[in-house]
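Coordinates from protein36.cif are shown below (mmCIF, C-alpha atoms).
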```cif
data_entry
#
loop_
_atom_site.label_atom_id
_atom_site.label_comp_id
_atom_site.auth_asym_id
_atom_site.auth_seq_id
_atom_site.Cartn_x
_atom_site.Cartn_y
_atom_site.Cartn_z
CA MET A 75 133.77 143.77 70.22
CA ALA A 76 130.03 143.60 70.63
CA THR A 77 128.68 140.82 72.80
CA VAL A 78 127.86 137.60 71.00
CA HIS A 79 124.33 137.40 72.28
CA ALA A 80 123.14 140.75 70.97
CA ASP A 81 119.86 141.66 72.60
CA VAL A 82 117.54 141.41 69.62
CA SER A 83 114.88 143.64 71.16
CA VAL A 84 117.45 146.39 71.65
CA VAL A 85 118.60 146.07 68.05
CA LYS A 86 115.01 146.24 66.80
CA THR A 87 114.35 149.36 68.82
CA ARG A 88 117.34 150.98 67.23
CA VAL A 89 116.07 150.11 63.78
CA GLU A 90 112.62 151.47 64.49
CA THR A 91 113.97 154.78 65.69
CA LEU A 92 116.46 154.88 62.83
CA ASN A 93 116.83 158.33 61.37
CA VAL A 94 115.72 157.89 57.76
CA GLY A 95 117.72 160.90 56.61
CA GLU A 96 120.93 159.49 58.06
CA ALA A 97 120.18 156.08 56.59
CA VAL A 98 119.77 157.58 53.11
CA ARG A 99 122.97 159.59 53.60
CA GLY A 100 124.73 156.34 54.52
CA VAL A 101 123.37 154.57 51.44
CA LEU A 102 124.60 157.33 49.11
CA ALA A 103 127.98 157.50 50.85
CA ASP A 104 128.51 153.73 50.66
CA VAL A 105 127.11 152.98 47.20
CA LEU A 106 128.68 156.01 45.49
CA ALA A 107 131.88 155.82 47.58
CA LEU A 108 131.51 159.54 48.38
CA ARG A 109 134.28 161.36 50.21
CA PRO A 110 133.27 161.82 53.88
CA ALA A 111 133.10 165.61 53.47
CA THR A 112 130.77 165.26 50.47
CA ALA A 113 128.53 162.84 52.36
CA ARG A 114 128.40 165.09 55.43
CA GLY A 115 127.63 168.08 53.23
CA LEU A 116 124.46 166.59 51.73
CA ALA A 117 121.67 169.02 52.67
CA PRO A 118 117.96 168.91 51.75
CA ALA A 119 118.56 171.27 48.81
CA THR A 120 121.68 169.49 47.49
CA ALA A 121 121.06 168.50 43.87
CA LEU A 122 121.66 164.78 43.16
CA PHE A 123 120.88 163.33 39.71
CA GLY A 124 122.72 165.33 37.07
CA SER A 125 124.86 167.08 39.68
CA LEU A 126 126.61 164.26 41.54
CA PRO A 127 128.88 162.75 38.85
CA GLU A 128 128.93 159.39 40.69
CA LEU A 129 125.14 159.04 40.41
CA ASP A 130 124.50 157.51 36.96
CA SER A 131 121.56 155.24 36.04
CA MET A 132 123.48 152.17 37.14
CA ALA A 133 124.24 153.71 40.54
CA VAL A 134 120.56 154.67 40.91
CA ALA A 135 119.71 150.97 40.62
CA SER A 136 122.18 150.12 43.41
CA VAL A 137 120.94 152.98 45.60
CA LEU A 138 117.35 151.70 45.31
CA THR A 139 118.35 148.15 46.20
CA GLU A 140 120.48 149.25 49.15
CA MET A 141 117.66 151.49 50.44
CA GLU A 142 115.34 148.47 50.31
CA ASP A 143 117.84 146.40 52.32
CA ARG A 144 118.55 148.99 54.98
CA LEU A 145 115.07 150.39 55.47
CA GLY A 146 113.20 147.10 55.04
CA ILE A 147 111.01 148.52 52.25
CA VAL A 148 110.11 147.47 48.70
CA ILE A 149 110.37 150.12 45.99
CA ASP A 150 108.18 149.68 42.93
CA ASP A 151 110.17 150.97 39.97
CA ASP A 152 107.03 152.74 38.67
CA GLU A 153 107.38 155.07 41.65
CA VAL A 154 110.90 156.05 40.64
CA ASP A 155 111.20 159.24 38.60
CA GLY A 156 113.65 162.08 38.08
CA GLU A 157 111.93 164.14 40.75
CA MET A 158 112.69 161.57 43.43
CA PHE A 159 116.43 161.85 42.76
CA ALA A 160 116.35 165.63 42.16
CA THR A 161 117.67 166.56 45.60
CA PHE A 162 118.82 164.85 48.77
CA GLY A 163 115.67 166.24 50.42
CA SER A 164 113.34 164.70 47.82
CA LEU A 165 115.04 161.29 48.15
CA VAL A 166 114.74 161.38 51.95
CA ALA A 167 111.07 162.45 51.69
CA PHE A 168 110.38 159.46 49.41
CA ALA A 169 112.15 157.07 51.81
CA ARG A 170 110.34 158.53 54.82
CA ALA A 171 106.93 158.06 53.13
CA LYS A 172 107.87 154.48 52.26
CA VAL A 173 108.98 153.65 55.79
CA GLY A 174 105.77 155.16 57.13
CA HIS A 175 103.72 152.86 54.92
CA ALA A 176 105.83 149.76 55.55
CA MET B 189 138.96 119.77 44.43
CA VAL B 190 136.31 118.09 46.49
CA CYS B 191 133.89 115.41 45.48
CA GLY B 192 130.56 114.58 46.94
CA ASP B 193 127.43 113.03 45.50
CA GLY B 194 128.92 113.03 42.01
CA GLU B 195 129.68 116.75 42.20
CA THR B 196 133.20 118.17 42.00
CA LEU B 197 133.70 121.64 43.42
CA PRO B 198 137.00 123.49 43.21
CA CYS B 199 137.65 124.74 46.73
CA VAL B 200 140.05 127.18 48.35
CA LEU B 201 141.06 125.74 51.71
CA ARG B 202 142.80 127.83 54.35
CA GLY B 203 143.94 127.11 57.88
CA PRO B 204 145.16 124.03 59.78
CA VAL B 205 143.85 120.64 58.61
CA ASP B 206 142.42 119.84 62.07
CA GLY B 207 141.10 123.39 62.66
CA MET B 208 137.51 124.36 63.43
CA PRO B 209 135.77 123.94 60.06
CA LEU B 210 133.92 126.83 58.41
CA LEU B 211 132.05 126.41 55.11
CA ILE B 212 131.38 129.52 53.05
CA LEU B 213 128.09 129.79 51.15
CA PRO B 214 129.02 132.26 48.42
CA ALA B 215 126.98 135.21 47.17
CA PHE B 216 125.33 135.08 43.74
CA PHE B 217 126.20 136.73 40.42
CA GLU B 218 128.39 139.85 40.44
CA GLU B 219 128.12 140.04 44.24
CA MET B 220 130.19 136.85 44.42
CA ASN B 221 133.04 138.42 42.43
CA ARG B 222 132.84 141.59 44.47
CA THR B 223 133.15 139.68 47.76
CA ARG B 224 136.00 137.34 46.78
CA ARG B 225 138.78 139.55 48.06
CA LEU B 226 136.89 140.30 51.27
CA LEU B 227 136.58 136.56 51.87
CA ALA B 228 140.22 135.91 51.03
CA ARG B 229 141.25 138.49 53.63
CA THR B 230 138.73 137.28 56.20
CA THR B 231 139.72 133.63 55.87
CA ALA B 232 143.42 134.56 56.07
CA ARG B 233 142.70 136.16 59.46
CA LEU B 234 140.64 133.16 60.54
CA ALA B 235 143.40 130.75 59.49
CA GLU B 236 145.83 132.51 61.84
CA ALA B 237 143.35 131.80 64.64
CA GLY B 238 143.06 128.10 63.80
CA VAL B 239 139.96 128.03 61.59
CA ARG B 240 139.91 125.70 58.60
CA SER B 241 137.80 127.47 55.93
CA TRP B 242 136.32 125.98 52.78
CA MET B 243 135.45 128.39 49.98
CA PRO B 244 133.89 126.54 47.03
CA ASP B 245 133.44 127.64 43.43
CA MET B 246 129.80 126.71 42.97
CA PRO B 247 128.56 125.02 39.75
CA GLY B 248 128.76 127.58 36.94
CA THR B 249 131.07 130.03 38.74
CA GLY B 250 134.80 130.69 39.14
CA ASP B 251 137.00 127.70 38.30
CA HIS B 252 134.10 125.25 38.14
CA ALA B 253 134.22 123.10 35.02
CA GLU B 254 130.79 124.13 33.74
CA GLY B 255 129.49 127.43 32.39
CA PHE B 256 126.96 129.72 34.04
CA GLU B 257 124.02 127.57 32.87
CA ALA B 258 125.06 125.20 35.70
CA MET B 259 123.86 127.76 38.24
CA ASP B 260 120.78 126.02 39.53
CA LEU B 261 119.59 126.51 43.11
CA PRO B 262 118.51 122.89 43.83
CA ARG B 263 121.85 121.68 42.49
CA TRP B 264 123.73 124.28 44.57
CA ARG B 265 121.85 123.21 47.71
CA ALA B 266 122.71 119.55 47.12
CA ALA B 267 126.35 120.37 46.36
CA LEU B 268 126.70 122.44 49.55
CA ALA B 269 125.08 119.72 51.67
CA ALA B 270 127.52 117.15 50.23
CA LEU B 271 130.48 119.47 50.77
CA ALA B 272 129.34 120.15 54.35
CA ARG B 273 129.64 116.45 55.15
CA VAL B 274 133.18 116.37 53.69
CA ALA B 275 134.25 119.57 55.47
CA ALA B 276 132.89 118.63 58.93
CA GLN B 277 135.00 115.46 59.36
CA GLY B 278 133.66 114.81 62.82
CA HIS B 279 133.84 118.43 63.99
CA ALA B 280 131.03 120.92 64.54
CA LEU B 281 130.77 122.68 61.18
CA HIS B 282 129.99 126.40 61.07
CA LEU B 283 128.54 128.21 58.06
CA LEU B 284 129.32 131.69 56.76
CA ALA B 285 126.62 132.72 54.28
CA VAL B 286 127.43 135.77 52.17
CA ARG B 287 124.42 137.73 50.85
CA GLY B 288 122.29 135.36 48.69
CA GLY B 289 124.11 132.32 50.05
CA ALA B 290 121.87 132.64 53.11
CA LEU B 291 118.92 131.56 50.94
CA LEU B 292 120.53 128.10 50.62
CA ALA B 293 121.29 127.50 54.30
CA ASP B 294 118.22 125.42 55.09
CA SER B 295 119.42 122.06 53.81
CA ILE B 296 122.97 122.05 55.15
CA PRO B 297 123.89 120.08 58.28
CA ALA B 298 125.78 122.48 60.56
CA ALA B 299 126.22 123.69 64.14
CA SER B 300 125.68 127.38 63.44
CA LEU B 301 125.05 129.92 60.72
CA TYR B 302 126.58 133.40 60.41
CA ARG B 303 124.91 135.56 57.74
CA LEU B 304 126.61 138.55 56.15
CA ALA B 305 124.02 141.02 54.82
CA PRO B 306 121.40 138.48 53.72
CA PRO B 307 118.86 139.78 51.18
CA SER B 308 115.24 139.79 52.37
CA SER B 309 114.39 137.18 49.70
CA GLY B 310 115.44 135.81 46.32
CA THR B 311 112.95 138.22 44.77
CA ALA B 312 115.05 141.13 46.07
CA LEU B 313 118.10 139.77 44.20
CA LEU B 314 116.04 139.27 41.04
CA ARG B 315 114.66 142.81 41.27
CA ASP B 316 118.23 144.11 41.52
CA LEU B 317 119.20 142.16 38.37
CA TRP B 318 116.29 143.60 36.38
CA ARG B 319 117.08 147.09 37.66
CA THR B 320 120.71 146.76 36.61
CA ARG B 321 119.68 145.55 33.16
CA ALA B 322 117.10 148.34 32.76
CA ALA B 323 119.70 150.92 33.84
CA SER B 324 122.22 149.70 31.27
CA ASP B 325 119.47 149.79 28.60
CA ILE B 326 118.65 153.38 29.51
CA GLU B 327 122.32 154.35 29.27
CA ALA B 328 122.37 152.75 25.80
CA GLY B 329 119.30 154.74 24.75
CA GLY B 330 116.79 151.94 25.29
CA ALA B 331 113.66 152.03 27.41
CA GLU B 332 113.39 148.60 29.05
CA THR B 333 111.73 148.60 32.48
CA PRO B 334 112.23 146.20 35.38
CA ALA B 335 108.52 145.35 35.31
CA ASN B 336 108.70 144.43 31.62
CA LEU B 337 111.81 142.29 32.16
CA GLU B 338 110.02 140.47 34.98
CA ALA B 339 107.03 139.86 32.70
CA ARG B 340 109.28 138.50 29.93
CA SER B 341 111.06 136.21 32.42
CA VAL B 342 107.77 134.91 33.84
CA GLY B 343 106.69 134.32 30.23
CA GLY B 344 109.61 131.90 29.75
CA GLU B 345 112.33 134.09 28.21
CA THR B 346 115.98 133.97 29.20
CA ILE B 347 116.97 137.51 30.19
CA GLU B 348 120.50 138.84 29.90
CA ALA B 349 121.19 140.92 33.02
CA ALA B 350 124.44 142.23 34.52
CA GLY B 351 126.40 139.87 32.27
CA TYR B 352 124.43 136.73 33.17
CA ALA B 353 121.84 134.86 31.11
CA ILE B 354 119.04 134.36 33.63
CA ALA B 355 117.05 131.31 32.52
CA PRO B 356 113.36 131.17 33.46
CA THR B 357 114.01 128.19 35.78
CA LEU B 358 116.70 130.10 37.69
CA ALA B 359 114.46 133.18 37.90
CA ALA B 360 111.59 131.04 39.22
CA ALA B 361 113.85 129.44 41.83
CA LEU B 362 115.02 132.89 42.97
CA ARG B 363 111.41 134.14 43.15
CA ALA B 364 110.56 131.19 45.42
CA ALA B 365 113.69 131.49 47.60
CA MET B 366 113.01 132.91 51.05
CA LEU B 367 115.33 133.34 54.01
CA PRO B 368 114.75 130.02 55.78
CA ALA B 369 113.56 129.88 59.37
CA LEU B 370 116.32 127.85 60.98
CA ALA B 371 116.62 125.52 63.90
CA LEU B 372 120.36 126.22 64.29
CA PRO B 373 121.91 129.21 66.10
CA CYS B 374 122.11 132.16 63.74
CA ARG B 375 123.81 135.58 63.80
CA THR B 376 123.30 138.32 61.23
CA ALA B 377 125.85 141.02 60.39
CA ALA B 378 125.58 143.95 57.99
CA THR B 379 127.40 147.19 57.25
CA ALA B 380 124.46 149.31 58.38
CA PRO B 381 121.62 148.88 60.87
CA GLY B 382 118.55 147.24 59.38
CA PRO B 383 115.78 144.75 60.06
CA GLY B 384 117.12 141.68 61.90
CA VAL B 385 120.73 142.90 62.04
CA ASP B 386 122.60 141.73 65.19
CA ILE B 387 125.89 143.57 64.59
CA VAL B 388 126.96 146.43 62.36
CA LEU B 389 130.41 146.00 60.78
CA PRO B 390 132.43 148.79 59.13
CA GLY B 391 131.42 149.50 55.52
CA PRO B 392 131.22 150.35 52.74
CA PRO B 393 129.73 147.07 51.51
CA PRO B 394 132.00 145.64 48.76
CA TRP B 395 129.07 143.84 47.07
CA ARG B 396 127.66 147.27 46.06
CA GLN B 397 130.89 148.71 44.70
CA ALA B 398 131.66 148.77 40.99
CA GLU B 399 135.24 149.81 41.83
CA PRO B 400 137.48 147.94 44.29
CA ILE B 401 137.65 149.41 47.80
CA ASP B 402 139.81 148.70 50.84
CA GLU B 403 137.96 145.83 52.55
CA GLN B 404 140.55 145.24 55.24
CA PRO B 405 138.59 146.97 58.06
CA LEU B 406 135.49 144.94 57.20
CA ALA B 407 137.54 141.71 56.86
CA ASP B 408 139.19 142.28 60.27
CA ALA B 409 135.89 143.04 62.02
CA LEU B 410 134.11 140.13 60.35
CA ALA B 411 136.87 137.68 61.29
CA ALA B 412 136.94 138.92 64.89
CA ASP B 413 133.17 138.63 65.31
CA LEU B 414 133.08 135.22 63.63
CA LEU B 415 135.76 133.90 65.98
CA VAL B 416 133.79 134.93 69.06
CA TRP B 417 130.63 133.45 67.55
CA MET B 418 132.25 130.11 66.63
CA ARG B 419 133.82 129.70 70.05
CA VAL B 420 130.63 129.90 72.08
CA PRO B 421 131.22 126.74 74.15
CA ASN B 422 127.75 125.24 73.89
CA LEU B 423 128.02 125.27 70.11
CA ASN B 424 131.22 123.30 70.08
CA ALA B 425 130.42 120.86 72.85
#
```

Please go through the file and, once you have read it, give me the structure as structure tokens.
Amino acid sequence: MATVHADVSVVKTRVETLNVGEAVRGVLADVLALRPATARGLAPATALFGSLPELDSMAVASVLTEMEDRLGIVIDDDEVDGEMFATFGSLVAFARAKVGHA
Amino acid sequence: MVCGDGETLPCVLRGPVDGMPLLILPAFFEEMNRTRRLLARTTARLAEAGVRSWMPDMPGTGDHAEGFEAMDLPRWRAALAALARVAAQGHALHLLAVRGGALLADSIPAASLYRLAPPSSGTALLRDLWRTRAASDIEAGGAETPANLEARSVGGETIEAAGYAIAPTLAAALRAAMLPALALPCRTAATAPGPGVDIVLPGPPPWRQAEPIDEQPLADALAADLLVWMRVPNLNA
């Protein structure tokens, strides 16, 4: 059990040094309920939209919202296109750019 | 059934009558349905440890007498404040806010607040509703966009989204709802690290799942952390 009085500064540091790639992997794993092996196997070139059967338009909406929550960003839906969800690498690149501008 | 200020809320009560009281501020929309079983399992664990939990069906949801049009944030705030006074009964009352419920925590008299995965604002919840609606339109061959839905809502239209008719007044209240800055002790839990998160509990988050998952690990961890949090002596003095 973690201590009750979590040191907020420590937690913040962890968030700031958060690996964006791992965060995006976690979002896909949790929202799409991917098998652990599938989630671990996501590589930059892994095709997403059209290739992952779990990733339909509805799931895309949930992925965007969960990415906003976890990364503390706001995604304008005008920025969302097929290219962004083409591969795991392209989705991570989008998230990384967003976090950089946050 | 509990009455307060002319409002009657069906309530699920668990735990000993004289136990430490905990009032649950439920999530909104589909997220409320998706977290019901998690809360049932969490409060069952808490009851074993002597916590008396109150889980209300808010106006317009669950077994409440009125339809969804009764979902109105000012009314929900008032109903929760009235219920808090009933639930406390002379004890220090603790609050468990699930997701959007944290947006309503500012007006409720309590000793502490525990937030499970609060959204950054009401706008974030509204954006998710429009996204869900736009996605279902696209799957049906339509071409509605979240930005257009937002414009229609701001223009006074009621928008059907994720199975709920979102009236312009409700949308406006969500747009204005921010996570309140609170004077009471507050702890924030989530299923992944993120801004302002004090503890990470085991996921996946049930409020994001279209299909049921096994929430028992999350329920056990949430109950255990809540118990430690509620028993901090200076809170219960």

Take atom CA of Asp206 of chain B and atom CA of Leu283 of chain B and report the distance between them in Å, one decimal.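 Going from atom CA of Asp206 of chain B over to atom CA of Leu283 of chain B covers 16.7 Å.
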
Run through the PyMOL selection byres ((chain B) within 9 of (chain A)) on the given coordinates and return the selected residues as a PyMOL selection string. chain B and resi 305-308+312-313+315-316+319-324+326-327+333-335+375+380-387+391-394+396-399+401+409+412-413+416-417+420

If you keep C-alpha atoms, can you produce a file of those selected residues as a tab-separated table (two decimals), in the frame of the given file?
```tsv
chain	number	residue	atom	x	y	z
B	305	ALA	CA	124.02	141.02	54.82
B	306	PRO	CA	121.40	138.48	53.72
B	307	PRO	CA	118.86	139.78	51.18
B	308	SER	CA	115.24	139.79	52.37
B	312	ALA	CA	115.05	141.13	46.07
B	313	LEU	CA	118.10	139.77	44.20
B	315	ARG	CA	114.66	142.81	41.27
B	316	ASP	CA	118.23	144.11	41.52
B	319	ARG	CA	117.08	147.09	37.66
B	320	THR	CA	120.71	146.76	36.61
B	321	ARG	CA	119.68	145.55	33.16
B	322	ALA	CA	117.10	148.34	32.76
B	323	ALA	CA	119.70	150.92	33.84
B	324	SER	CA	122.22	149.70	31.27
B	326	ILE	CA	118.65	153.38	29.51
B	327	GLU	CA	122.32	154.35	29.27
B	333	THR	CA	111.73	148.60	32.48
B	334	PRO	CA	112.23	146.20	35.38
B	335	ALA	CA	108.52	145.35	35.31
B	375	ARG	CA	123.81	135.58	63.80
B	380	ALA	CA	124.46	149.31	58.38
B	381	PRO	CA	121.62	148.88	60.87
B	382	GLY	CA	118.55	147.24	59.38
B	383	PRO	CA	115.78	144.75	60.06
B	384	GLY	CA	117.12	141.68	61.90
B	385	VAL	CA	120.73	142.90	62.04
B	386	ASP	CA	122.60	141.73	65.19
B	387	ILE	CA	125.89	143.57	64.59
B	391	GLY	CA	131.42	149.50	55.52
B	392	PRO	CA	131.22	150.35	52.74
B	393	PRO	CA	129.73	147.07	51.51
B	394	PRO	CA	132.00	145.64	48.76
B	396	ARG	CA	127.66	147.27	46.06
B	397	GLN	CA	130.89	148.71	44.70
B	398	ALA	CA	131.66	148.77	40.99
B	399	GLU	CA	135.24	149.81	41.83
B	401	ILE	CA	137.65	149.41	47.80
B	409	ALA	CA	135.89	143.04	62.02
B	412	ALA	CA	136.94	138.92	64.89
B	413	ASP	CA	133.17	138.63	65.31
B	416	VAL	CA	133.79	134.93	69.06
B	417	TRP	CA	130.63	133.45	67.55
B	420	VAL	CA	130.63	129.90	72.08
```

Smallest atom-to-atom distance to Gly115 of chain A: which of A:Ala171, A:Met158, A:Leu102, A:Leu165, using only C-alpha atoms? A:Leu102

Computed gap from atom CA of Val98 of chain A to atom CA of Val173 of chain A is 11.8 Å

So how many Å separate atom CA of Glu332 of chain B and atom CA of Thr357 of chain B, to one decimal?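 Distance reported for this atom pair: 21.5 Å.
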
Evaluate the PyMOL selection byres ((chain B and resi 292) around 10) against this structure - the residues, as a list in words, please.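 Applied to this file, the PyMOL selection byres ((chain B and resi 292) around 10) returns Leu213, Pro214, Leu261, Pro262, Trp264, Arg265, Ala266, Leu268, Ala269, Ala285, Gly288, Gly289, Ala290, Leu291, Ala293, Asp294, Ser295, Ile296, Ala365, Met366, Leu367 and Pro368 of chain B.
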
Would you compute, for all listed atoms of segment 153-157 of chain A, the axis-aligned bounding box grown by 4 Å on each side, and then report its centre and edge lengths in Å rounded to one decimal, as JSON?
```
{"center_x": 110.5, "center_y": 159.6, "center_z": 39.9, "size_x": 14.3, "size_y": 17.1, "size_z": 11.6}
```

Care to translate the PyMOL selection byres ((chain B and resi 352) around 12) into actual residues of this file, as number ranges by chain? B: 216-218, 248-249, 255-259, 314, 317-318, 320-321, 346-351, 353-355, 358-359

Write to file, as a PDB file, in the frame of the given file, the residues of the selection just made, with C-alpha atoms.
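Done, and the output landed in result21.pdb:
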```pdb
ATOM      1  CA  PHE B 216     125.330 135.080  43.740  1.00  0.00           C
ATOM      2  CA  PHE B 217     126.200 136.730  40.420  1.00  0.00           C
ATOM      3  CA  GLU B 218     128.390 139.850  40.440  1.00  0.00           C
ATOM      4  CA  GLY B 248     128.760 127.580  36.940  1.00  0.00           C
ATOM      5  CA  THR B 249     131.070 130.030  38.740  1.00  0.00           C
ATOM      6  CA  GLY B 255     129.490 127.430  32.390  1.00  0.00           C
ATOM      7  CA  PHE B 256     126.960 129.720  34.040  1.00  0.00           C
ATOM      8  CA  GLU B 257     124.020 127.570  32.870  1.00  0.00           C
ATOM      9  CA  ALA B 258     125.060 125.200  35.700  1.00  0.00           C
ATOM     10  CA  MET B 259     123.860 127.760  38.240  1.00  0.00           C
ATOM     11  CA  LEU B 314     116.040 139.270  41.040  1.00  0.00           C
ATOM     12  CA  LEU B 317     119.200 142.160  38.370  1.00  0.00           C
ATOM     13  CA  TRP B 318     116.290 143.600  36.380  1.00  0.00           C
ATOM     14  CA  THR B 320     120.710 146.760  36.610  1.00  0.00           C
ATOM     15  CA  ARG B 321     119.680 145.550  33.160  1.00  0.00           C
ATOM     16  CA  THR B 346     115.980 133.970  29.200  1.00  0.00           C
ATOM     17  CA  ILE B 347     116.970 137.510  30.190  1.00  0.00           C
ATOM     18  CA  GLU B 348     120.500 138.840  29.900  1.00  0.00           C
ATOM     19  CA  ALA B 349     121.190 140.920  33.020  1.00  0.00           C
ATOM     20  CA  ALA B 350     124.440 142.230  34.520  1.00  0.00           C
ATOM     21  CA  GLY B 351     126.400 139.870  32.270  1.00  0.00           C
ATOM     22  CA  ALA B 353     121.840 134.860  31.110  1.00  0.00           C
ATOM     23  CA  ILE B 354     119.040 134.360  33.630  1.00  0.00           C
ATOM     24  CA  ALA B 355     117.050 131.310  32.520  1.00  0.00           C
ATOM     25  CA  LEU B 358     116.700 130.100  37.690  1.00  0.00           C
ATOM     26  CA  ALA B 359     114.460 133.180  37.900  1.00  0.00           C
TER      27      ALA B 359
END
```

Please provide as an mmCIF file with C-alpha atoms, in the frame of the given file all residues within 12 Å of Gly124 of chain A, with the sequence filter that same-chain residues fewer than 4 positions apart are discarded (counting only C-alpha atoms).
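File selection-v7.cif, as written:
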```
data_model
loop_
_atom_site.group_PDB
_atom_site.id
_atom_site.type_symbol
_atom_site.label_atom_id
_atom_site.label_comp_id
_atom_site.auth_asym_id
_atom_site.auth_seq_id
_atom_site.Cartn_x
_atom_site.Cartn_y
_atom_site.Cartn_z
ATOM 1 C CA THR A 120 121.680 169.490 47.490
ATOM 2 C CA GLU A 128 128.930 159.390 40.690
ATOM 3 C CA LEU A 129 125.140 159.040 40.410
ATOM 4 C CA ASP A 130 124.500 157.510 36.960
ATOM 5 C CA SER A 131 121.560 155.240 36.040
ATOM 6 C CA VAL A 134 120.560 154.670 40.910
ATOM 7 C CA GLY A 156 113.650 162.080 38.080
ATOM 8 C CA GLU A 157 111.930 164.140 40.750
ATOM 9 C CA PHE A 159 116.430 161.850 42.760
ATOM 10 C CA ALA A 160 116.350 165.630 42.160
ATOM 11 C CA THR A 161 117.670 166.560 45.600
#
```

Please list as a PDB file with C-alpha atoms, in the frame of the given file every residue within 8 Å of His282 of chain B, counting only C-alpha atoms and excluding residues in the same chain fewer than 3 positions away.
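Contents of part.pdb, as written:
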```pdb
ATOM      1  CA  PRO B 209     135.770 123.940  60.060  1.00  0.00           C
ATOM      2  CA  LEU B 210     133.920 126.830  58.410  1.00  0.00           C
ATOM      3  CA  LEU B 211     132.050 126.410  55.110  1.00  0.00           C
ATOM      4  CA  ALA B 298     125.780 122.480  60.560  1.00  0.00           C
ATOM      5  CA  ALA B 299     126.220 123.690  64.140  1.00  0.00           C
ATOM      6  CA  SER B 300     125.680 127.380  63.440  1.00  0.00           C
ATOM      7  CA  LEU B 301     125.050 129.920  60.720  1.00  0.00           C
ATOM      8  CA  TYR B 302     126.580 133.400  60.410  1.00  0.00           C
ATOM      9  CA  MET B 418     132.250 130.110  66.630  1.00  0.00           C
TER      10      MET B 418
END
```

Please complete segment 212-223 of chain B with N, CA and C atoms and give it back as a PDB file, in the coordinates of the input.
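Below is the file part.pdb, written as the result:
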```pdb
ATOM      1  N   ILE B 212     131.911 128.256  53.567  1.00  0.00           N
ATOM      2  CA  ILE B 212     131.380 129.520  53.050  1.00  0.00           C
ATOM      3  C   ILE B 212     130.317 129.242  51.991  1.00  0.00           C
ATOM      4  N   LEU B 213     129.150 129.853  52.160  1.00  0.00           N
ATOM      5  CA  LEU B 213     128.090 129.790  51.150  1.00  0.00           C
ATOM      6  C   LEU B 213     128.182 131.090  50.361  1.00  0.00           C
ATOM      7  N   PRO B 214     128.691 131.027  49.135  1.00  0.00           N
ATOM      8  CA  PRO B 214     129.020 132.260  48.420  1.00  0.00           C
ATOM      9  C   PRO B 214     127.785 133.055  47.983  1.00  0.00           C
ATOM     10  N   ALA B 215     128.024 134.345  47.729  1.00  0.00           N
ATOM     11  CA  ALA B 215     126.980 135.210  47.170  1.00  0.00           C
ATOM     12  C   ALA B 215     126.730 134.828  45.712  1.00  0.00           C
ATOM     13  N   PHE B 216     125.692 135.405  45.124  1.00  0.00           N
ATOM     14  CA  PHE B 216     125.330 135.080  43.740  1.00  0.00           C
ATOM     15  C   PHE B 216     125.786 136.190  42.781  1.00  0.00           C
ATOM     16  N   PHE B 217     125.973 135.797  41.525  1.00  0.00           N
ATOM     17  CA  PHE B 217     126.200 136.730  40.420  1.00  0.00           C
ATOM     18  C   PHE B 217     127.409 137.651  40.698  1.00  0.00           C
ATOM     19  N   GLU B 218     127.273 138.919  40.294  1.00  0.00           N
ATOM     20  CA  GLU B 218     128.390 139.850  40.440  1.00  0.00           C
ATOM     21  C   GLU B 218     128.781 140.037  41.911  1.00  0.00           C
ATOM     22  N   GLU B 219     127.820 139.872  42.806  1.00  0.00           N
ATOM     23  CA  GLU B 219     128.120 140.040  44.240  1.00  0.00           C
ATOM     24  C   GLU B 219     129.162 139.020  44.702  1.00  0.00           C
ATOM     25  N   MET B 220     129.188 137.853  44.061  1.00  0.00           N
ATOM     26  CA  MET B 220     130.190 136.850  44.420  1.00  0.00           C
ATOM     27  C   MET B 220     131.589 137.351  44.051  1.00  0.00           C
ATOM     28  N   ASN B 221     131.725 137.891  42.841  1.00  0.00           N
ATOM     29  CA  ASN B 221     133.040 138.420  42.430  1.00  0.00           C
ATOM     30  C   ASN B 221     133.476 139.564  43.332  1.00  0.00           C
ATOM     31  N   ARG B 222     132.498 140.407  43.679  1.00  0.00           N
ATOM     32  CA  ARG B 222     132.840 141.590  44.470  1.00  0.00           C
ATOM     33  C   ARG B 222     133.188 141.258  45.916  1.00  0.00           C
ATOM     34  N   THR B 223     132.852 140.048  46.373  1.00  0.00           N
ATOM     35  CA  THR B 223     133.150 139.680  47.760  1.00  0.00           C
ATOM     36  C   THR B 223     134.321 138.700  47.871  1.00  0.00           C
TER      37      THR B 223
END
```
